[in-house]
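Here is the file my_file.txt (compact mmCIF, C-alpha atoms).
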```
# COMPACT_ATOMS: atom_id res chain seq x y z
CA MET L 75 -33.37 15.69 -7.03
CA THR L 76 -32.39 14.25 -3.67
CA PRO L 77 -28.85 14.00 -2.31
CA TYR L 78 -27.05 10.68 -2.55
CA PRO L 79 -28.54 8.49 0.21
CA ALA L 80 -26.49 6.71 2.84
CA VAL L 81 -26.50 2.92 2.84
CA SER L 82 -27.93 2.82 6.34
CA THR L 83 -30.09 5.16 8.37
CA THR L 84 -27.97 4.53 11.49
CA PRO L 85 -25.64 7.35 12.54
CA VAL L 86 -22.36 7.22 10.62
CA PRO L 87 -19.01 7.42 12.43
CA GLY L 88 -16.69 10.30 11.69
CA VAL L 89 -13.71 10.34 9.36
CA GLY L 90 -10.61 12.01 10.80
CA ALA L 91 -7.76 13.54 8.83
CA ARG L 92 -5.72 10.32 8.72
CA ALA L 93 -8.65 8.23 7.47
CA ALA L 94 -9.55 10.96 4.96
CA ARG L 95 -6.03 10.83 3.59
CA ALA L 96 -6.32 7.05 3.20
CA LEU L 97 -9.66 7.41 1.39
CA THR L 98 -8.26 9.95 -1.07
CA ALA L 99 -4.82 8.34 -1.45
CA GLU L 100 -5.48 6.84 -4.90
CA PHE L 101 -6.50 10.26 -6.19
CA ALA L 102 -3.58 12.04 -4.54
CA ARG L 103 -0.94 9.67 -5.95
CA GLN L 104 -1.93 10.25 -9.58
CA ASN L 105 0.60 12.43 -11.41
CA ALA L 106 -1.35 12.41 -14.69
CA ALA L 107 -4.62 14.27 -15.26
CA THR L 108 -7.26 12.37 -13.26
CA SER L 109 -10.99 12.59 -12.64
CA ALA L 110 -12.41 11.88 -9.20
CA LEU L 111 -15.99 11.46 -7.98
CA LEU L 112 -16.70 11.98 -4.27
CA VAL L 113 -20.07 10.55 -3.23
CA GLY L 114 -21.64 11.60 0.06
CA ALA L 115 -19.74 14.89 0.32
CA ASP L 116 -20.12 17.24 3.26
CA HIS L 117 -18.76 20.80 3.11
CA ALA L 118 -17.23 20.35 6.59
CA SER L 119 -15.85 16.89 5.81
CA THR L 120 -12.14 16.08 6.11
CA VAL L 121 -12.60 13.90 3.01
CA VAL L 122 -13.65 16.89 0.90
CA ALA L 123 -10.69 18.87 2.25
CA ALA L 124 -8.27 16.03 1.43
CA ALA L 125 -9.68 15.61 -2.09
CA VAL L 126 -9.41 19.33 -2.80
CA GLU L 127 -5.86 19.37 -1.44
CA ALA L 128 -4.94 16.53 -3.83
CA LEU L 129 -6.03 18.48 -6.94
CA LEU L 130 -3.37 19.07 -9.57
CA PRO L 131 -3.61 21.04 -12.83
CA GLY L 132 -5.64 18.94 -15.26
CA ASP L 133 -7.54 17.11 -12.50
CA THR L 134 -11.30 17.33 -12.07
CA LEU L 135 -13.36 16.58 -8.96
CA THR L 136 -17.13 16.02 -8.86
CA LEU L 137 -18.98 16.23 -5.53
CA VAL L 138 -22.32 14.57 -4.78
CA PRO L 139 -23.79 15.88 -1.50
CA GLY L 140 -24.63 13.46 1.28
CA GLU L 141 -27.46 13.61 3.78
CA HIS L 142 -25.50 15.99 6.02
CA SER L 143 -25.02 18.66 3.33
CA SER L 144 -26.72 20.24 0.31
CA THR L 145 -25.83 21.33 -3.20
CA ASP L 146 -26.04 25.03 -2.38
CA VAL L 147 -23.89 24.75 0.73
CA LEU L 148 -21.26 22.71 -1.10
CA ARG L 149 -21.15 25.15 -4.01
CA GLY L 150 -20.75 28.07 -1.63
CA HIS L 151 -17.94 26.27 0.17
CA ILE L 152 -16.08 25.50 -3.07
CA ALA L 153 -16.54 29.05 -4.37
CA GLY L 154 -14.99 30.33 -1.15
CA LEU L 155 -11.81 28.34 -1.83
CA GLY L 156 -10.92 30.50 -4.84
CA SER L 157 -11.17 30.31 -8.60
CA TRP L 158 -8.35 27.77 -9.02
CA VAL L 159 -10.32 25.20 -7.01
CA ALA L 160 -13.75 26.27 -8.29
CA ASP L 161 -12.65 25.78 -11.91
CA ARG L 162 -11.74 22.14 -11.17
CA VAL L 163 -14.56 21.12 -8.82
CA LYS L 164 -18.14 20.50 -9.92
CA VAL L 165 -21.07 20.00 -7.55
CA VAL L 166 -24.05 18.03 -8.86
CA GLU L 167 -27.51 17.49 -7.42
CA SER L 168 -27.38 13.69 -7.46
CA LEU L 169 -25.26 10.75 -8.54
CA ASP L 170 -27.36 10.41 -11.70
CA GLU L 171 -25.76 13.61 -13.03
CA ALA L 172 -22.18 12.39 -12.52
CA GLN L 173 -19.87 10.96 -15.17
CA PRO L 174 -17.61 7.88 -14.79
CA ALA L 175 -14.35 8.76 -13.05
CA ASP L 176 -10.83 7.35 -12.58
CA VAL L 177 -11.23 7.37 -8.79
CA VAL L 178 -14.56 7.07 -6.92
CA ILE L 179 -14.58 7.91 -3.21
CA VAL L 180 -17.40 7.32 -0.75
CA GLY L 181 -17.12 10.13 1.77
CA GLU L 182 -19.00 8.51 4.66
CA PRO L 183 -18.24 5.10 6.23
CA LEU L 184 -20.63 2.33 5.24
CA THR L 185 -22.47 0.76 8.16
CA GLY L 186 -25.06 -1.33 6.34
CA THR L 187 -25.49 -5.07 5.94
CA ALA L 188 -23.81 -7.10 3.21
CA ASP L 189 -26.97 -6.95 1.07
CA GLU L 190 -27.20 -3.17 1.43
CA THR L 191 -23.53 -2.83 0.60
CA ARG L 192 -23.87 -5.06 -2.46
CA THR L 193 -26.66 -2.82 -3.74
CA HIS L 194 -24.46 0.19 -3.05
CA LEU L 195 -21.54 -1.29 -5.01
CA ASP L 196 -23.80 -2.22 -7.92
CA ARG L 197 -25.02 1.36 -8.15
CA LEU L 198 -21.50 2.79 -8.00
CA GLY L 199 -20.21 0.34 -10.58
CA LYS L 200 -21.45 2.27 -13.60
CA TYR L 201 -19.50 5.35 -12.44
CA LEU L 202 -16.14 3.55 -12.53
CA ALA L 203 -14.04 4.19 -15.64
CA ASP L 204 -11.93 1.33 -17.01
CA GLY L 205 -9.34 0.42 -14.37
CA ALA L 206 -10.87 2.89 -11.89
CA VAL L 207 -10.41 2.58 -8.13
CA LEU L 208 -13.27 2.66 -5.63
CA SER L 209 -12.32 3.83 -2.11
CA VAL L 210 -14.69 3.15 0.79
CA ALA L 211 -14.43 2.88 4.58
CA VAL L 212 -16.20 0.55 6.98
CA PRO L 213 -16.00 0.31 10.78
CA ALA L 214 -13.10 -1.93 11.79
CA ALA L 215 -14.46 -2.99 15.17
CA PRO L 216 -15.49 -6.67 15.35
CA GLY L 217 -19.22 -7.24 15.57
CA ARG L 218 -20.15 -3.99 13.87
CA THR L 219 -22.35 -4.11 10.77
CA GLY L 220 -19.28 -2.98 8.85
CA GLY L 221 -17.89 -6.49 9.31
CA ALA L 222 -20.37 -7.87 6.77
CA ALA L 223 -19.40 -5.16 4.32
CA ALA L 224 -15.69 -5.87 4.86
CA GLU L 225 -16.20 -9.54 4.06
CA LEU L 226 -18.09 -8.62 0.91
CA PHE L 227 -15.25 -6.35 -0.23
CA ARG L 228 -12.72 -9.13 0.29
CA GLN L 229 -14.82 -11.38 -1.94
CA SER L 230 -15.60 -8.74 -4.56
CA ALA L 231 -12.27 -7.13 -5.46
CA LEU L 232 -10.99 -8.78 -8.64
CA PHE L 233 -8.04 -6.60 -9.68
CA GLY L 234 -6.45 -5.15 -6.46
CA VAL L 235 -5.85 -2.71 -4.71
CA GLY L 236 -5.99 -3.71 -1.04
CA SER L 237 -7.05 -2.18 2.26
CA ASP L 238 -5.62 -0.16 5.13
CA LEU L 239 -6.50 -0.25 8.81
CA VAL L 240 -6.68 3.26 10.25
CA VAL L 241 -6.44 2.81 14.00
CA ARG L 242 -5.95 6.50 14.73
CA ASN L 243 -9.58 7.36 14.03
CA GLN L 244 -12.62 7.34 16.26
CA PRO L 245 -13.78 4.69 15.74
CA PRO L 246 -11.05 2.79 13.83
CA LEU L 247 -11.86 2.31 10.16
CA ARG L 248 -10.88 -0.17 7.47
CA VAL L 249 -10.35 1.65 4.17
CA HIS L 250 -10.86 -0.61 1.15
CA LYS L 251 -9.46 0.40 -2.24
CA LEU L 252 -10.96 -1.83 -4.92
CA ARG L 253 -10.58 -2.22 -8.65
CA PHE L 254 -13.19 -4.20 -10.61
CA SER L 255 -11.59 -4.01 -14.07
CA PRO L 256 -7.90 -4.36 -14.98
CA ALA L 257 -5.71 -1.28 -15.01
CA ASP L 258 -3.29 -0.44 -17.81
CA VAL L 259 0.29 -1.41 -16.90
CA ALA L 260 1.55 1.89 -18.31
CA THR L 261 -0.47 3.76 -15.67
CA ALA L 262 1.89 2.52 -12.96
CA ALA L 263 4.66 4.78 -14.29
CA THR L 264 2.48 7.85 -13.65
CA LEU L 265 1.88 7.04 -9.95
CA ALA L 266 3.61 8.21 -6.81
CA PRO L 267 4.20 5.59 -4.06
CA ALA L 268 1.00 4.90 -2.12
CA TYR L 269 0.36 6.45 1.27
CA ARG L 270 0.51 3.88 4.09
CA PRO L 271 -1.58 4.84 7.15
CA SER L 272 -0.57 1.60 8.90
CA SER L 273 2.84 3.03 9.81
CA VAL L 274 3.28 5.34 12.79
CA PRO L 275 5.22 8.59 12.29
CA VAL L 276 8.14 9.21 14.65
CA THR L 277 9.65 12.17 12.81
CA ARG L 278 8.87 13.86 9.49
CA THR L 279 11.07 11.40 7.61
CA MET L 280 10.92 8.30 9.83
CA HIS L 281 7.98 5.99 10.54
CA ILE L 282 7.63 2.68 12.36
CA ASP L 283 5.75 -0.04 10.50
CA SER L 284 2.61 -1.36 12.19
CA ASN L 285 4.36 -4.70 12.73
CA GLY L 286 6.93 -2.90 14.87
CA VAL L 287 4.27 -1.15 16.91
CA ALA L 288 2.58 -4.49 17.59
CA ALA L 289 5.89 -6.20 18.48
CA ALA L 290 6.89 -3.40 20.84
CA GLY L 291 3.43 -3.49 22.42
CA ILE L 292 3.76 -7.23 23.05
CA ALA L 293 7.18 -6.71 24.66
CA LEU L 294 5.84 -3.99 26.95
CA GLY L 295 2.82 -6.14 27.79
CA LEU L 296 5.09 -9.01 28.82
CA ALA L 297 7.12 -6.61 30.95
CA ALA L 298 3.96 -5.43 32.72
CA LEU L 299 2.81 -9.00 33.33
CA ALA L 300 6.23 -10.05 34.64
CA ARG L 301 6.41 -7.12 37.05
CA ARG L 302 2.92 -7.82 38.33
CA ALA L 303 3.61 -11.54 38.76
CA ARG L 304 7.00 -11.04 40.43
CA PRO L 305 7.21 -7.47 41.73
CA LYS L 306 10.52 -8.03 43.53
CA SER L 307 12.26 -9.46 40.45
CA LYS L 308 14.09 -7.43 37.80
CA LEU L 309 13.24 -9.86 35.01
CA TRP L 310 10.57 -7.46 33.71
CA LEU L 311 13.38 -5.18 32.55
CA LEU L 312 14.38 -7.63 29.81
CA PRO L 313 11.22 -7.31 27.67
CA ALA L 314 10.90 -3.63 28.60
CA ILE L 315 14.39 -2.84 27.34
CA ALA L 316 13.86 -5.02 24.25
CA ALA L 317 10.78 -3.02 23.15
CA ALA L 318 12.78 -0.11 21.69
CA PRO L 319 15.22 -2.14 19.53
CA VAL L 320 12.39 -4.40 18.35
CA ALA L 321 10.42 -1.37 17.21
CA ALA L 322 13.56 0.10 15.59
CA PHE L 323 13.94 -3.04 13.50
CA PHE L 324 10.66 -2.14 11.79
CA ARG L 325 11.68 1.46 11.03
CA ASP L 326 10.35 2.79 7.76
CA PRO L 327 12.30 5.85 6.55
CA GLN L 328 11.18 8.14 3.77
CA ARG L 329 13.25 7.66 0.61
CA ASP L 330 13.86 9.82 -2.46
CA VAL L 331 13.05 7.66 -5.48
CA PRO L 332 15.02 8.48 -8.67
CA SER L 333 12.80 10.02 -11.33
CA ASP L 334 14.90 8.60 -14.18
CA ALA L 335 12.59 6.28 -16.14
CA SER L 336 15.48 3.94 -16.99
CA ALA L 337 16.47 3.39 -13.35
CA VAL L 338 15.74 0.17 -11.45
CA VAL L 339 16.03 0.69 -7.69
CA ALA L 340 16.95 -1.64 -4.84
CA SER L 341 14.07 -3.44 -3.13
CA ALA L 342 15.76 -3.33 0.27
CA ASP L 343 18.73 -2.00 2.20
CA GLY L 344 21.74 -4.31 2.42
CA LYS L 345 24.80 -5.71 0.68
CA VAL L 346 24.84 -7.10 -2.86
CA LEU L 347 25.47 -10.85 -2.69
CA SER L 348 25.47 -11.68 -6.39
CA VAL L 349 24.89 -10.30 -9.86
CA GLU L 350 24.31 -13.08 -12.38
CA ARG L 351 22.49 -14.11 -15.52
CA MET L 352 20.31 -17.18 -15.26
CA HIS L 353 17.23 -19.00 -16.53
CA ASP L 354 14.16 -19.63 -14.40
CA GLU L 355 11.26 -21.32 -16.19
CA ARG L 356 8.82 -20.26 -13.47
CA PHE L 357 8.95 -16.72 -14.85
CA GLY L 358 9.34 -17.36 -18.57
CA PRO L 359 11.64 -18.87 -21.18
CA GLY L 360 14.07 -15.96 -21.46
CA GLU L 361 17.26 -15.23 -19.55
CA PHE L 362 17.09 -13.11 -16.39
CA LEU L 363 19.54 -10.79 -14.70
CA ARG L 364 19.31 -11.58 -10.99
CA ILE L 365 20.62 -9.21 -8.33
CA ALA L 366 20.55 -10.61 -4.79
CA VAL L 367 20.85 -8.40 -1.69
CA PHE L 368 21.47 -9.61 1.87
CA LEU L 369 19.79 -7.78 4.76
CA SER L 370 21.36 -8.02 8.20
CA VAL L 371 19.27 -7.55 11.35
CA PHE L 372 20.51 -3.95 11.43
CA ASP L 373 19.17 -3.03 7.99
CA VAL L 374 15.76 -1.55 7.17
CA HIS L 375 13.52 -4.50 6.28
CA VAL L 376 10.67 -2.74 4.49
CA ASN L 377 10.66 -3.94 0.88
CA ARG L 378 9.98 -1.67 -2.10
CA SER L 379 9.11 -2.25 -5.72
CA PRO L 380 12.19 -1.88 -7.95
CA VAL L 381 10.12 -0.71 -10.94
CA ALA L 382 6.65 0.53 -11.78
CA GLY L 383 4.30 -2.28 -12.76
CA ARG L 384 1.20 -4.33 -12.09
CA VAL L 385 1.19 -7.34 -9.75
CA ALA L 386 0.50 -10.27 -12.07
CA ASP L 387 1.08 -13.14 -9.65
CA TYR L 388 2.15 -13.91 -6.11
CA PHE L 389 3.16 -17.32 -4.73
CA VAL L 390 5.15 -18.82 -1.88
CA GLU L 391 7.50 -21.79 -2.15
CA GLU L 392 8.28 -23.82 0.93
CA GLY L 393 11.85 -24.60 1.99
CA GLY L 394 14.34 -24.28 4.80
CA TYR L 395 15.82 -21.45 6.84
CA ALA L 396 19.51 -21.54 5.92
CA ASN L 397 21.78 -18.54 6.38
CA ALA L 398 20.71 -16.07 3.68
CA MET L 399 24.36 -15.43 2.73
CA THR L 400 24.98 -19.06 1.75
CA ALA L 401 24.17 -21.00 -1.41
CA ALA L 402 21.73 -23.13 0.59
CA ALA L 403 19.47 -20.08 0.88
CA GLU L 404 18.35 -20.78 -2.69
CA HIS L 405 16.08 -23.42 -1.14
CA ASN L 406 14.72 -21.30 1.71
CA VAL L 407 11.08 -20.35 2.10
CA ALA L 408 10.49 -17.55 -0.41
CA ALA L 409 7.64 -15.35 -1.59
CA TYR L 410 7.62 -14.25 -5.23
CA THR L 411 5.87 -11.11 -6.45
CA VAL L 412 5.64 -11.14 -10.26
CA LEU L 413 5.21 -7.78 -12.00
CA ASP L 414 4.02 -6.96 -15.50
CA THR L 415 5.96 -3.93 -16.74
CA ASP L 416 6.55 -2.07 -19.99
CA GLN L 417 9.95 -3.80 -20.13
CA GLY L 418 8.68 -7.33 -19.57
CA THR L 419 8.37 -9.58 -16.52
CA VAL L 420 10.11 -8.44 -13.33
CA VAL L 421 10.14 -10.57 -10.17
CA VAL L 422 10.97 -9.73 -6.57
CA ALA L 423 11.76 -12.69 -4.30
CA GLN L 424 11.54 -12.19 -0.53
CA ARG L 425 13.64 -14.97 1.04
CA THR L 426 13.74 -16.02 4.66
CA GLY L 427 17.06 -16.57 6.42
CA LEU L 428 18.53 -18.11 9.52
CA ILE L 429 16.56 -15.74 11.77
CA ALA L 430 13.82 -14.50 9.44
CA ARG L 431 10.69 -16.62 9.71
CA ARG L 432 7.90 -14.36 8.48
CA ILE L 433 7.33 -12.69 5.11
CA VAL L 434 4.76 -9.93 4.77
CA GLN L 435 3.38 -9.07 1.31
CA ARG L 436 0.61 -6.45 1.16
CA THR L 437 -0.24 -6.05 -2.50
CA PRO L 438 -2.87 -8.34 -4.05
CA VAL L 439 -2.80 -9.43 -7.67
CA GLY L 440 -3.92 -6.59 -9.93
CA THR L 441 -2.39 -3.83 -7.83
CA LEU L 442 -0.42 -1.09 -9.57
CA LEU L 443 2.91 -0.36 -7.86
CA ALA L 444 4.91 2.82 -8.38
CA LYS L 445 8.69 2.57 -8.49
CA GLY L 446 10.00 2.63 -4.92
CA GLU L 447 6.59 1.88 -3.40
CA ARG L 448 6.43 -0.21 -0.22
CA PHE L 449 4.86 -3.61 -0.79
CA GLY L 450 5.94 -5.72 2.20
CA LEU L 451 8.70 -6.64 4.63
CA ILE L 452 10.64 -9.59 6.04
CA ARG L 453 11.04 -9.97 9.77
CA PHE L 454 14.63 -10.22 11.08
CA GLY L 455 17.54 -10.82 8.68
CA SER L 456 16.84 -11.96 5.13
CA ARG L 457 17.48 -11.58 1.41
CA THR L 458 15.74 -10.08 -1.60
CA ASP L 459 16.38 -11.15 -5.21
CA ILE L 460 15.34 -9.07 -8.19
CA TYR L 461 14.90 -10.77 -11.58
CA LEU L 462 15.04 -8.52 -14.66
CA PRO L 463 14.82 -9.45 -18.37
CA ALA L 464 18.51 -9.89 -19.21
CA ASP L 465 18.16 -8.56 -22.75
CA ARG L 466 16.54 -5.35 -21.50
CA ALA L 467 18.61 -4.48 -18.41
CA GLU L 468 22.22 -4.07 -17.38
CA ALA L 469 23.52 -4.07 -13.80
CA ALA L 470 24.69 -0.84 -12.16
CA VAL L 471 26.05 -2.41 -8.95
CA THR L 472 28.75 -4.94 -8.07
CA VAL L 473 29.10 -7.68 -5.45
CA SER L 474 29.65 -6.42 -1.87
CA GLU L 475 28.32 -2.95 -2.70
CA ARG L 476 25.84 -1.53 -0.17
CA VAL L 477 22.47 -0.38 -1.49
CA VAL L 478 19.57 1.63 -0.08
CA GLY L 479 16.04 0.43 -0.78
CA GLY L 480 14.02 2.72 -3.01
CA SER L 481 17.01 5.00 -3.73
CA THR L 482 20.05 3.12 -5.02
CA VAL L 483 19.99 2.43 -8.78
CA ILE L 484 20.95 -1.24 -9.12
CA ALA L 485 20.30 -1.57 -12.87
CA ARG L 486 19.21 0.45 -15.87
CA TRP L 487 16.94 -0.37 -18.79
CA LYS L 488 18.72 -0.38 -22.14
CA ASN L 489 17.61 2.09 -24.79
```
File written out as structure tokens:
Amino acid sequence: MTPYPAVSTTPVPGVGARAARALTAEFARQNAATSALLVGADHASTVVAAAVEALLPGDTLTLVPGEHSSTDVLRGHIAGLGSWVADRVKVVESLDEAQPADVVIVGEPLTGTADETRTHLDRLGKYLADGAVLSVAVPAAPGRTGGAAAELFRQSALFGVGSDLVVRNQPPLRVHKLRFSPADVATAATLAPAYRPSSVPVTRTMHIDSNGVAAAGIALGLAALARRARPKSKLWLLPAIAAAPVAAFFRDPQRDVPSDASAVVASADGKVLSVERMHDERFGPGEFLRIAVFLSVFDVHVNRSPVAGRVADYFVEEGGYANAMTAAAEHNVAAYTVLDTDQGTVVVAQRTGLIARRIVQRTPVGTLLAKGERFGLIRFGSRTDIYLPADRAEAAVTVSERVVGGSTVIARWKN
């Protein structure tokens, strides 16, 4: 039997540790017993190392060697990692010997044409269990053959999960995580928040979102242009000094998410504006408990899922840009992420404000979100509203109380 063939005979780019972590993220975040299939494995690959590191008791990992490795070499490598790993990792001669898995990972970036990639996906399809996730990487550089594959992935994914741009890799890669059959809503409760390679680490517990890196880069670029255009002027100092606070606005701290299954956590940092019961026919006929939180320009603006669930819908309603603390903000531009959960429909509304003019939402329909998982952000001052089924939840916060996104319990599910 021959090893699993690459999609293209052209040399494949490497996968660094950061890209390998993105490729194996859906396997690593599973807290329940999970099976993974790694296709195109190389004993020296960072992807193999990341997959092995993600193993938990009850997990299984199957490796299919790529063109740069062999079955014997892979088996020797796994045996050298000790019995705990060897008992959970199986090396097979070819993909034909593998069984369907919960997570399928392609260990080498795809560099083929769209037709070659489509053939590749068709072959991998029968090895995806119900609701399984397929993780693949393609070159991110414009004009590369990976561009055709990237477009195909955007057209093909029917049930989530999204993609991540890994800039800190040589060359940069786009990691696509795709689901071609719906996942069980209950599975969301077994997941840890997804790893986000788009943020840049500053310290062990503090990152800067990629939007902040881009904004700071633009500010520094303007400073450089201003100094070059008018070397005797001090005007270049304005954008240069602004770069640091602009980047700080997009800070993304690590948060400890409560493990209590009955806890509903805040979607953002800020001050509670209102706690009220109301009807909203857009989300269903029942009554909702709505908890609104105002974010000042000094608060963390990364938004997190208040509960575990599956993204069922996402839509944006046009409106104005009134002060988010006023009643007129009800008619501001807002993005609504609707979640299916074990407790019913839960909705998170990201509202613009007087300064906020851009909403970022990164989770396509079909995506499973863990409680406290990042799913987007709002740029510069805003408001988030959480809608919970009123007959299933009771508020745990009061008006004017400050909350911390992903950590503060704002409501609890009733028994």
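Here CA of Arg302 (chain L) stands at a distance of 18.5 Å from CA of Ala290 (chain L).
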*Spatial sel., origin (18.6, -1.6, 8.2), limit 12 Å, all atoms listed in the file, listed as JSON, numbers by chain*: {"L": [319, 322, 323, 324, 325, 326, 327, 342, 343, 344, 345, 368, 369, 370, 371, 372, 373, 374, 375, 376, 377, 451, 452, 453, 454, 455, 456, 476, 477, 478, 479]}
Give me a file of those residues, with C-alpha atoms, as a CSV table (one decimal), keeping the file's coordinate frame.
```
chain,number,residue,atom,x,y,z
L,319,PRO,CA,15.2,-2.1,19.5
L,322,ALA,CA,13.6,0.1,15.6
L,323,PHE,CA,13.9,-3.0,13.5
L,324,PHE,CA,10.7,-2.1,11.8
L,325,ARG,CA,11.7,1.5,11.0
L,326,ASP,CA,10.4,2.8,7.8
L,327,PRO,CA,12.3,5.8,6.6
L,342,ALA,CA,15.8,-3.3,0.3
L,343,ASP,CA,18.7,-2.0,2.2
L,344,GLY,CA,21.7,-4.3,2.4
L,345,LYS,CA,24.8,-5.7,0.7
L,368,PHE,CA,21.5,-9.6,1.9
L,369,LEU,CA,19.8,-7.8,4.8
L,370,SER,CA,21.4,-8.0,8.2
L,371,VAL,CA,19.3,-7.6,11.4
L,372,PHE,CA,20.5,-4.0,11.4
L,373,ASP,CA,19.2,-3.0,8.0
L,374,VAL,CA,15.8,-1.6,7.2
L,375,HIS,CA,13.5,-4.5,6.3
L,376,VAL,CA,10.7,-2.7,4.5
L,377,ASN,CA,10.7,-3.9,0.9
L,451,LEU,CA,8.7,-6.6,4.6
L,452,ILE,CA,10.6,-9.6,6.0
L,453,ARG,CA,11.0,-10.0,9.8
L,454,PHE,CA,14.6,-10.2,11.1
L,455,GLY,CA,17.5,-10.8,8.7
L,456,SER,CA,16.8,-12.0,5.1
L,476,ARG,CA,25.8,-1.5,-0.2
L,477,VAL,CA,22.5,-0.4,-1.5
L,478,VAL,CA,19.6,1.6,-0.1
L,479,GLY,CA,16.0,0.4,-0.8
```
What's the 9 Å shell around Ser272 (chain L), counting all atoms listed in the file, without same-chain residues fewer than 4 positions away, as a PDB file with C-alpha atoms, in the frame of the given file?
```
ATOM      1  CA  ASP L 238      -5.620  -0.160   5.130  1.00  0.00           C
ATOM      2  CA  LEU L 239      -6.500  -0.250   8.810  1.00  0.00           C
ATOM      3  CA  VAL L 240      -6.680   3.260  10.250  1.00  0.00           C
ATOM      4  CA  VAL L 241      -6.440   2.810  14.000  1.00  0.00           C
ATOM      5  CA  ILE L 282       7.630   2.680  12.360  1.00  0.00           C
ATOM      6  CA  ASP L 283       5.750  -0.040  10.500  1.00  0.00           C
ATOM      7  CA  SER L 284       2.610  -1.360  12.190  1.00  0.00           C
ATOM      8  CA  ASN L 285       4.360  -4.700  12.730  1.00  0.00           C
TER       9      ASN L 285
END
```
Please identify all polymer residues within 8 Å of Ser341 (chain L), counting all atoms listed in the file, omitting same-chain residues fewer than 5 positions from it, and present them as a PDB file with C-alpha atoms, keeping the file's coordinate frame.
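Below is the file result.pdb, written as the result:
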```pdb
ATOM      1  CA  ASN L 377      10.660  -3.940   0.880  1.00  0.00           C
ATOM      2  CA  ARG L 378       9.980  -1.670  -2.100  1.00  0.00           C
ATOM      3  CA  SER L 379       9.110  -2.250  -5.720  1.00  0.00           C
ATOM      4  CA  PRO L 380      12.190  -1.880  -7.950  1.00  0.00           C
ATOM      5  CA  VAL L 422      10.970  -9.730  -6.570  1.00  0.00           C
ATOM      6  CA  GLY L 446      10.000   2.630  -4.920  1.00  0.00           C
ATOM      7  CA  THR L 458      15.740 -10.080  -1.600  1.00  0.00           C
ATOM      8  CA  ILE L 460      15.340  -9.070  -8.190  1.00  0.00           C
ATOM      9  CA  GLY L 479      16.040   0.430  -0.780  1.00  0.00           C
ATOM     10  CA  GLY L 480      14.020   2.720  -3.010  1.00  0.00           C
TER      11      GLY L 480
END
```
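Across the structure, CA of Val165 (chain L) and CA of Lys200 (chain L) are spaced 18.7 Å apart.
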*region 351-358 of chain L environment, 8 Å, all atoms listed in the file, sequence neighbours closer than 4 positions dropped, as an MDAnalysis selection string*: chainID L and resid 362:364 412 419 421 464
_Residues within 9 Å of region 125-136 of chain L, only C-alpha atoms, excluding chain neighbours under 3 positions, as a PyMOL selection string_ = chain L and resi 94-95+97-99+101-113+120-122+159+161-166+172-173+175
*Could you please determine the separation between CA of Pro359 (chain L) and CA of Lys445 (chain L) in Å, to one decimal place?*
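Distance between the two atoms: 25.1 Å.
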*Taking only C-alpha atoms into account, which of L:Leu148, L:Val367, L:Ala467, L:Val287 comes nearest Ser336 (chain L)?*
L:Ala467
Considering all atoms listed in the file, tabulate each residue of region 418-441 of chain L that lies at most 9 Å from region 381-385 of chain L along with its nearest interatomic pair and the corresponding distance in Å to one decimal; arrange the rows by chain and ascending residue number and present them as a tab-separated table.
```
residue	atom	partner	partner_atom	distance
L:Val420	CA	L:Val381	CA	8.1
L:Thr437	CA	L:Val385	CA	7.5
L:Pro438	CA	L:Val385	CA	7.1
L:Val439	CA	L:Val385	CA	5.0
L:Gly440	CA	L:Val385	CA	5.2
L:Thr441	CA	L:Val385	CA	5.4
```
Can you write just those residues out, C-alpha atoms, as a CSV table (one decimal), in the frame of the given file?
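Done, and the output landed in selection07.csv:
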```
chain,number,residue,atom,x,y,z
L,420,VAL,CA,10.1,-8.4,-13.3
L,437,THR,CA,-0.2,-6.0,-2.5
L,438,PRO,CA,-2.9,-8.3,-4.0
L,439,VAL,CA,-2.8,-9.4,-7.7
L,440,GLY,CA,-3.9,-6.6,-9.9
L,441,THR,CA,-2.4,-3.8,-7.8
```
*Could you give me, as JSON, numbers by chain, the residues within 12 Å of region 293-295 of chain L, counting only C-alpha atoms and dropping anything in the same chain fewer than 4 positions from it?*
{"L": [286, 287, 288, 289, 299, 300, 301, 302, 310, 311, 312, 313, 314, 315, 316, 317, 318, 319, 320, 321]}
*Of the residues L:Ala340, L:Ala268, L:Val349, L:Leu442, which is the one nearest to Arg253 (chain L), using only C-alpha atoms?*
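So, comparing all the options, the nearest one is L:Leu442.
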*Scan for residues within 9 Å of the point (-15.2, 24.2, 2.2) in the coordinates of the file, using all atoms listed in the file, and reply as a list of chain:residue names.*
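It turns out the residues near that spot are L:Asp116, L:His117, L:Ala118, L:Ser119, L:Val122, L:Ala123, L:Val147, L:Leu148, L:Arg149, L:Gly150, L:His151, L:Ile152, L:Ala153, L:Gly154, L:Leu155.
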*For Glu182 (chain L), which residue among L:Ala266, L:Trp158, L:Gly205, L:Gly90 is the nearest when counting all atoms listed in the file?*
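Result for the nearest residue to Glu182 (chain L): L:Gly90.
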*Go through L:Leu198, L:Ala298, L:Leu184, L:Leu232 one by one, measure the shortest atom-to-atom distance of each to Val212 (chain L) using all atoms listed in the file, and give the residue with the smallest value.*
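Ranked by minimum distance to Val212 (chain L), first place goes to L:Leu184.
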